[in-house]
>>> print(open('target.tsv').read())   # TSV, C-alpha atoms and all ligand atoms
chain	number	residue	atom	x	y	z
A	1	MET	CA	0.00	0.00	0.00
A	2	VAL	CA	1.06	3.53	-0.69
A	3	LYS	CA	1.28	5.88	2.27
A	4	LYS	CA	-0.83	8.99	1.99
A	5	SER	CA	1.87	11.30	3.26
A	6	LYS	CA	5.24	11.97	1.71
A	7	LEU	CA	3.91	11.16	-1.70
A	8	ASN	CA	6.54	10.79	-4.34
A	9	ARG	CA	4.95	11.49	-7.69
A	10	SER	CA	7.64	9.69	-9.61
A	11	GLU	CA	6.38	6.49	-8.04
A	12	PHE	CA	3.28	6.78	-10.14
A	13	SER	CA	4.63	7.94	-13.45
A	14	ASN	CA	5.93	4.57	-14.50
A	15	ASN	CA	4.22	3.15	-17.52
A	16	VAL	CA	5.24	-0.37	-16.73
A	17	LYS	CA	3.75	-3.00	-18.93
A	18	PRO	CA	2.72	-6.14	-17.10
A	19	SER	CA	5.31	-8.88	-17.23
A	20	TYR	CA	3.58	-11.87	-18.69
A	21	ASN	CA	3.75	-15.04	-16.74
A	22	SER	CA	6.12	-17.54	-18.25
A	23	LYS	CA	3.55	-20.31	-17.86
A	24	PHE	CA	1.82	-18.83	-20.88
A	25	SER	CA	4.80	-19.38	-23.08
A	26	ASN	CA	4.13	-21.55	-26.08
A	27	ASN	CA	6.20	-24.41	-24.70
A	28	VAL	CA	3.92	-25.15	-21.80
A	29	LYS	CA	0.63	-26.98	-22.12
A	30	PRO	CA	-2.44	-25.15	-20.89
A	31	PRO	CA	-4.06	-26.22	-17.61
A	32	TYR	CA	-6.79	-28.54	-18.88
A	33	ASN	CA	-8.81	-28.25	-15.70
A	34	SER	CA	-8.96	-24.45	-15.97
A	35	LYS	CA	-12.25	-22.75	-16.80
A	36	PHE	CA	-10.31	-20.79	-19.35
A	37	SER	CA	-9.24	-23.85	-21.31
A	38	ILE	CA	-11.81	-24.88	-23.91
A	39	ASP	CA	-12.00	-27.85	-26.24
A	40	LEU	CA	-13.23	-26.77	-29.68
A	41	TYR	CA	-13.29	-30.32	-31.04
A	42	SER	CA	-17.06	-30.19	-31.65
A	43	LEU	CA	-16.59	-27.34	-34.09
A	44	GLN	CA	-14.88	-29.75	-36.44
A	45	PHE	CA	-18.17	-31.57	-37.01
A	46	SER	CA	-20.83	-28.93	-36.57
A	47	GLN	CA	-22.90	-27.69	-39.50
A	48	ALA	CA	-21.99	-24.15	-38.74
A	49	SER	CA	-18.29	-23.61	-38.42
A	50	TYR	CA	-18.69	-21.20	-35.54
A	51	LYS	CA	-20.01	-21.29	-31.97
A	52	ASP	CA	-20.78	-18.69	-29.32
A	53	PHE	CA	-19.30	-19.01	-25.85
A	54	VAL	CA	-19.73	-17.29	-22.50
A	55	ILE	CA	-16.94	-18.21	-20.09
A	56	THR	CA	-16.78	-16.85	-16.55
A	57	GLY	CA	-14.07	-17.66	-14.08
A	58	GLU	CA	-11.79	-16.42	-11.37
A	59	PHE	CA	-8.52	-15.11	-12.68
A	60	THR	CA	-5.98	-15.31	-9.90
A	61	ASP	CA	-2.87	-13.95	-11.57
A	62	ASN	CA	-1.93	-10.30	-11.20
A	63	ILE	CA	-2.27	-7.84	-14.05
A	64	GLY	CA	-1.32	-4.25	-13.32
A	65	ASN	CA	0.97	-2.40	-10.98
A	66	SER	CA	0.93	-1.18	-7.38
A	67	LEU	CA	-1.52	1.58	-8.24
A	68	ILE	CA	-4.07	-0.22	-10.38
A	69	LYS	CA	-4.72	-3.85	-11.14
A	70	LEU	CA	-7.27	-6.39	-12.18
A	71	ASP	CA	-9.72	-6.92	-9.33
A	72	ASN	CA	-9.40	-10.62	-8.60
A	73	THR	CA	-12.40	-10.58	-6.26
A	74	TYR	CA	-14.69	-10.37	-9.30
A	75	PRO	CA	-14.85	-13.05	-11.95
A	76	VAL	CA	-13.64	-12.28	-15.44
A	77	LYS	CA	-16.18	-12.95	-18.18
A	78	LEU	CA	-15.47	-13.59	-21.86
A	79	GLU	CA	-18.16	-13.55	-24.53
A	80	PHE	CA	-16.94	-14.57	-27.94
A	81	THR	CA	-17.55	-16.40	-31.17
A	82	ALA	CA	-15.08	-19.11	-32.12
A	83	THR	CA	-14.81	-19.86	-35.82
A	84	ASN	CA	-13.20	-22.91	-37.36
A	85	ALA	CA	-10.73	-21.25	-39.69
A	86	LYS	CA	-8.04	-22.56	-41.94
A	87	LEU	CA	-5.16	-23.90	-39.79
A	88	GLY	CA	-6.80	-22.95	-36.52
A	89	TYR	CA	-9.56	-21.13	-34.71
A	90	TYR	CA	-10.43	-17.48	-34.90
A	91	LEU	CA	-11.97	-15.77	-31.86
A	92	LYS	CA	-13.75	-12.44	-31.73
A	93	GLY	CA	-15.43	-11.11	-28.62
A	94	LYS	CA	-15.36	-9.09	-25.44
A	95	ILE	CA	-13.84	-9.33	-21.97
A	96	PHE	CA	-15.72	-8.02	-18.92
A	97	TYR	CA	-13.77	-7.25	-15.75
A	98	LYS	CA	-13.22	-4.78	-12.94
A	99	LEU	CA	-10.17	-2.88	-11.83
A	100	GLN	CA	-9.08	-2.10	-8.32
A	101	GLY	CA	-6.98	0.98	-7.81
A	102	GLN	CA	-6.36	4.51	-6.71
A	103	CYS	CA	-6.23	7.90	-8.38
A	104	SER	CA	-2.58	8.61	-9.21
A	105	ARG	CA	-2.96	12.20	-8.02
A	106	CYS	CA	-5.09	12.10	-4.85
A	107	LEU	CA	-5.02	8.35	-4.07
A	108	ALA	CA	-8.82	8.17	-3.76
A	109	GLY	CA	-10.23	4.75	-4.55
A	110	LEU	CA	-11.53	4.41	-8.08
A	111	THR	CA	-15.12	3.38	-8.76
A	112	ASP	CA	-15.47	-0.28	-9.53
A	113	LYS	CA	-17.43	-0.12	-12.74
A	114	THR	CA	-17.27	-3.05	-15.13
A	115	ILE	CA	-14.87	-2.50	-18.00
A	116	ILE	CA	-15.44	-4.04	-21.41
A	117	ASN	CA	-12.66	-4.57	-23.95
A	118	GLU	CA	-12.95	-6.14	-27.37
A	119	PHE	CA	-10.44	-8.68	-28.62
A	120	THR	CA	-9.61	-10.85	-31.58
A	121	ALA	CA	-7.33	-13.86	-31.44
A	122	PHE	CA	-6.10	-16.62	-33.69
A	123	PHE	CA	-5.17	-20.01	-32.26
A	124	THR	CA	-2.97	-22.22	-34.37
A	125	GLU	CA	-0.55	-25.13	-33.95
A	126	GLN	CA	1.96	-23.81	-36.40
A	127	ASN	CA	3.69	-20.50	-36.37
A	128	ASN	CA	1.15	-18.95	-38.68
A	129	LYS	CA	1.26	-15.32	-37.82
A	130	ASN	CA	-2.04	-13.63	-38.43
A	131	GLU	CA	-1.70	-10.07	-39.60
A	132	ASP	CA	-5.03	-8.96	-38.14
A	133	CYS	CA	-4.86	-10.21	-34.58
A	134	GLU	CA	-2.76	-11.80	-31.86
A	135	THR	CA	-1.69	-15.38	-32.47
A	136	TYR	CA	-1.78	-18.00	-29.71
A	137	GLN	CA	-0.80	-21.61	-29.33
A	138	LEU	CA	-3.42	-24.25	-30.14
A	139	TRP	CA	-3.09	-27.64	-28.41
A	140	GLY	CA	-4.95	-30.16	-30.53
A	141	ASN	CA	-8.33	-28.49	-30.42
A	142	ILE	CA	-7.83	-26.93	-27.01
A	143	ILE	CA	-7.42	-23.22	-26.55
A	144	ASN	CA	-6.44	-21.38	-23.38
A	145	LEU	CA	-8.05	-17.97	-22.88
A	146	GLU	CA	-5.72	-16.78	-20.11
A	147	PRO	CA	-3.12	-15.23	-22.45
A	148	ILE	CA	-5.95	-13.27	-24.10
A	149	ILE	CA	-6.96	-11.92	-20.69
A	150	PHE	CA	-3.36	-10.97	-19.94
A	151	ASP	CA	-2.81	-9.28	-23.27
A	152	THR	CA	-6.16	-7.51	-23.57
A	153	VAL	CA	-6.47	-6.27	-20.00
A	154	GLY	CA	-2.76	-5.49	-19.76
A	155	SER	CA	-2.75	-3.33	-22.86
A	156	ASN	CA	-5.96	-1.48	-21.93
A	157	ILE	CA	-5.17	-0.52	-18.34
A	158	ASP	CA	-4.43	3.14	-17.76
A	159	TYR	CA	-1.40	2.82	-15.49
A	160	ASN	CA	-1.73	6.43	-14.30
A	161	PRO	CA	-5.45	6.55	-13.54
A	162	ILE	CA	-7.13	9.71	-12.26
A	163	CYS	CA	-10.45	10.05	-10.45
A	164	GLY	CA	-11.44	12.92	-12.74
A	165	GLU	CA	-9.96	15.46	-15.12
A	166	GLY	CA	-10.17	18.18	-12.48
A	167	CYS	CA	-8.42	16.26	-9.71
A	168	LYS	CA	-6.18	18.66	-7.78
A	169	GLY	CA	-4.14	15.94	-6.15
A	170	LEU	CA	-2.40	16.13	-2.82
A	171	CYS	CA	-0.56	19.12	-1.33
A	172	SER	CA	3.13	18.58	-1.96
A	173	ASN	CA	3.89	20.07	1.47
A	174	CYS	CA	1.53	18.38	3.86
A	175	GLY	CA	-0.14	15.69	1.76
A	176	VAL	CA	-3.69	16.90	2.35
A	177	ASN	CA	-6.22	16.09	-0.38
A	178	LEU	CA	-6.75	19.37	-2.23
A	179	ASN	CA	-10.05	18.17	-3.68
A	180	THR	CA	-11.66	18.12	-0.26
A	181	SER	CA	-9.86	20.92	1.65
A	182	PHE	CA	-11.16	24.08	0.05
A	183	GLU	CA	-9.43	26.64	2.22
A	184	HIS	CA	-6.06	25.03	2.17
A	185	ASN	CA	-3.15	27.40	2.47
A	186	CYS	CA	0.17	25.76	2.96
B	1	ZN	ZN	-7.89	12.17	-7.78
B	2	ZN	ZN	-0.49	21.55	2.53
>>> encode(input="target.tsv", output="structure tokens")
Amino acid sequence: MVKKSKLNRSEFSNNVKPSYNSKFSNNVKPPYNSKFSIDLYSLQFSQASYKDFVITGEFTDNIGNSLIKLDNTYPVKLEFTATNAKLGYYLKGKIFYKLQGQCSRCLAGLTDKTIINEFTAFFTEQNNKNEDCETYQLWGNIINLEPIIFDTVGSNIDYNPICGEGCKGLCSNCGVNLNTSFEHNC
């Protein structure tokens, strides 16, 4: 936790990208018992070559920094369409999640509204780079959605969040919240 007094602004100006967990590297099989691992085998034989999914689960890994991060106390939801494409599966959909964090200026807690991000992904067994979207490892017909959560949430987080455009921040002398102390003179 960040102390309210003696605030060092430089602590909050780091635009650190999340470091992706090595377990998502392409050399490691996905956890088959995870809610985020899905077998798309049935798509091989269905009349339509696509299927809609709604997957909700607890995501326990950290995404974010000390100031703002994925709120692990809420489940992450993915709604998407998986399409049986040449050499793999194409996914297009949305991720629903909440963030937990503080304003980078005044340290007030941020409202916990649900955030929605769109994503596209291509899962393939070979190294077929797809120009239009991120490419992920396919294991037989099994896909793991966790790298999509990491990439999508990680690249959409504002790592220097503010509670509002007009936030006055904290007094650099005494650390009082200038949004709530109107007659401050320091
Ligand atoms: Zn603020
Ligand atoms: Zn002051």
>>> atom_distance(input="target.tsv", atom1="atom CA of A:Cys106", atom2="atom CA of A:Asn177")
6.1 Å
>>> closest_residue(input="target.tsv", among="A:Leu43, A:Leu170, A:Ile157, A:Ala85", to="A:Asp71", atoms="all atoms listed in the file")
A:Ile157
>>> closest_residue(input="target.tsv", among="A:Ala121, A:Ala48, A:Ile63, A:Cys186", to="A:Tyr159", atoms="only C-alpha atoms")
A:Ile63
>>> closest_atom_pairs(input="target.tsv", of="chain A", to="ligand ZN 2 (chain B)", cutoff="6 Å", atoms="all atoms listed in the file", output="JSON lines")
{"residue": "A:Cys171", "atom": "CA", "partner": "B:ZN2", "partner_atom": "ZN", "distance": 4.6}
{"residue": "A:Asn173", "atom": "CA", "partner": "B:ZN2", "partner_atom": "ZN", "distance": 4.7}
{"residue": "A:Cys174", "atom": "CA", "partner": "B:ZN2", "partner_atom": "ZN", "distance": 4.0}
{"residue": "A:Gly175", "atom": "CA", "partner": "B:ZN2", "partner_atom": "ZN", "distance": 5.9}
{"residue": "A:Val176", "atom": "CA", "partner": "B:ZN2", "partner_atom": "ZN", "distance": 5.6}
{"residue": "A:Cys186", "atom": "CA", "partner": "B:ZN2", "partner_atom": "ZN", "distance": 4.3}
>>> residues_near_ligand(input="target.tsv", ligand="ligand ZN 1 (chain B)", cutoff="7 Å", atoms="all atoms listed in the file", output="list in words")
Cys103, Ser104, Arg105, Cys106, Leu107, Ala108, Ile162, Cys163, Gly164, Cys167, Lys168 and Gly169 of chain A
>>> residues_around(input="target.tsv", residues="A:Tyr50", least_positions_apart="3", cutoff="10 Å", atoms="only C-alpha atoms", output="PyMOL selection string")
chain A and resi 40+42-44+46-47+53+81-85+89-91
>>> closest_residue(input="target.tsv", among="A:Glu146, A:Asp39, A:Glu134, A:Glu79", to="A:Ile116", atoms="all atoms listed in the file")
A:Glu79
>>> residues_around(input="target.tsv", residues="A:Asn62", least_positions_apart="2", cutoff="12 Å", atoms="only C-alpha atoms", output="ChimeraX atom specification")
/A:18-21,58-60,64-66,68-73,99-100,146,149-150,153-154
>>> residues_around(input="target.tsv", residues="A:Asn144", least_positions_apart="2", cutoff="7 Å", atoms="all atoms listed in the file", output="PyMOL selection string")
chain A and resi 30+36-38+142+146
>>> closest_residue(input="target.tsv", among="A:Thr152, A:Ser49, A:Gly88, A:Asn185", to="A:Phe123", atoms="all atoms listed in the file")
A:Gly88
>>> atom_distance(input="target.tsv", atom1="atom CA of A:Asp61", atom2="atom CA of A:Lys113")
20.1 Å
>>> atom_distance(input="target.tsv", atom1="atom CA of A:Gly93", atom2="atom CA of A:Glu131")
17.6 Å
>>> residues_around(input="target.tsv", residues="A:Thr114", least_positions_apart="3", cutoff="10 Å", atoms="only C-alpha atoms", output="list in words")
Tyr74, Val76, Ile95, Phe96, Tyr97, Lys98, Leu99 and Thr111 of chain A
>>> axis_aligned_box(input="target.tsv", around="stretch 151-162 of chain A", padding_each_side="8 Å", output="AutoDock Vina command-line options")
--center_x -4.3 --center_y 0.2 --center_z -17.9 --size_x 21.7 --size_y 35.0 --size_z 27.3
>>> build_atoms(input="target.tsv", residues="stretch 66-84 of chain A", atoms="N, CA and C atoms", output="compact mmCIF listing (two decimals), in the frame of the given file")
# COMPACT_ATOMS: atom_id res chain seq x y z
N SER A 66 1.30 -1.41 -8.77
CA SER A 66 0.93 -1.18 -7.38
C SER A 66 -0.24 -0.21 -7.26
N LEU A 67 -0.48 0.55 -8.31
CA LEU A 67 -1.52 1.58 -8.24
C LEU A 67 -2.86 1.08 -8.77
N ILE A 68 -2.81 0.26 -9.78
CA ILE A 68 -4.07 -0.22 -10.38
C ILE A 68 -3.87 -1.62 -10.93
N LYS A 69 -4.86 -2.47 -10.67
CA LYS A 69 -4.72 -3.85 -11.14
C LYS A 69 -6.09 -4.49 -11.35
N LEU A 70 -6.06 -5.61 -12.01
CA LEU A 70 -7.27 -6.39 -12.18
C LEU A 70 -7.82 -6.77 -10.82
N ASP A 71 -9.10 -6.57 -10.61
CA ASP A 71 -9.72 -6.92 -9.33
C ASP A 71 -10.05 -8.40 -9.33
N ASN A 72 -9.24 -9.17 -8.60
CA ASN A 72 -9.40 -10.62 -8.60
C ASN A 72 -10.60 -11.09 -7.79
N THR A 73 -11.25 -10.16 -7.06
CA THR A 73 -12.40 -10.58 -6.26
C THR A 73 -13.66 -10.67 -7.12
N TYR A 74 -13.57 -10.21 -8.37
CA TYR A 74 -14.69 -10.37 -9.30
C TYR A 74 -14.28 -11.34 -10.40
N PRO A 75 -15.20 -12.16 -10.85
CA PRO A 75 -14.85 -13.05 -11.95
C PRO A 75 -14.65 -12.28 -13.25
N VAL A 76 -13.84 -12.82 -14.09
CA VAL A 76 -13.64 -12.28 -15.44
C VAL A 76 -14.57 -13.04 -16.37
N LYS A 77 -15.26 -12.30 -17.24
CA LYS A 77 -16.18 -12.95 -18.18
C LYS A 77 -15.71 -12.71 -19.61
N LEU A 78 -15.77 -13.74 -20.43
CA LEU A 78 -15.47 -13.59 -21.86
C LEU A 78 -16.68 -14.04 -22.66
N GLU A 79 -17.11 -13.21 -23.57
CA GLU A 79 -18.16 -13.55 -24.53
C GLU A 79 -17.54 -13.49 -25.91
N PHE A 80 -17.61 -14.60 -26.64
CA PHE A 80 -16.94 -14.57 -27.94
C PHE A 80 -17.53 -15.61 -28.89
N THR A 81 -17.22 -15.43 -30.14
CA THR A 81 -17.55 -16.40 -31.17
C THR A 81 -16.26 -17.05 -31.63
N ALA A 82 -16.23 -18.37 -31.61
CA ALA A 82 -15.08 -19.11 -32.12
C ALA A 82 -15.43 -19.67 -33.50
N THR A 83 -14.58 -19.43 -34.46
CA THR A 83 -14.81 -19.86 -35.82
C THR A 83 -13.72 -20.84 -36.24
N ASN A 84 -14.15 -21.94 -36.84
CA ASN A 84 -13.20 -22.91 -37.36
C ASN A 84 -12.60 -22.33 -38.64
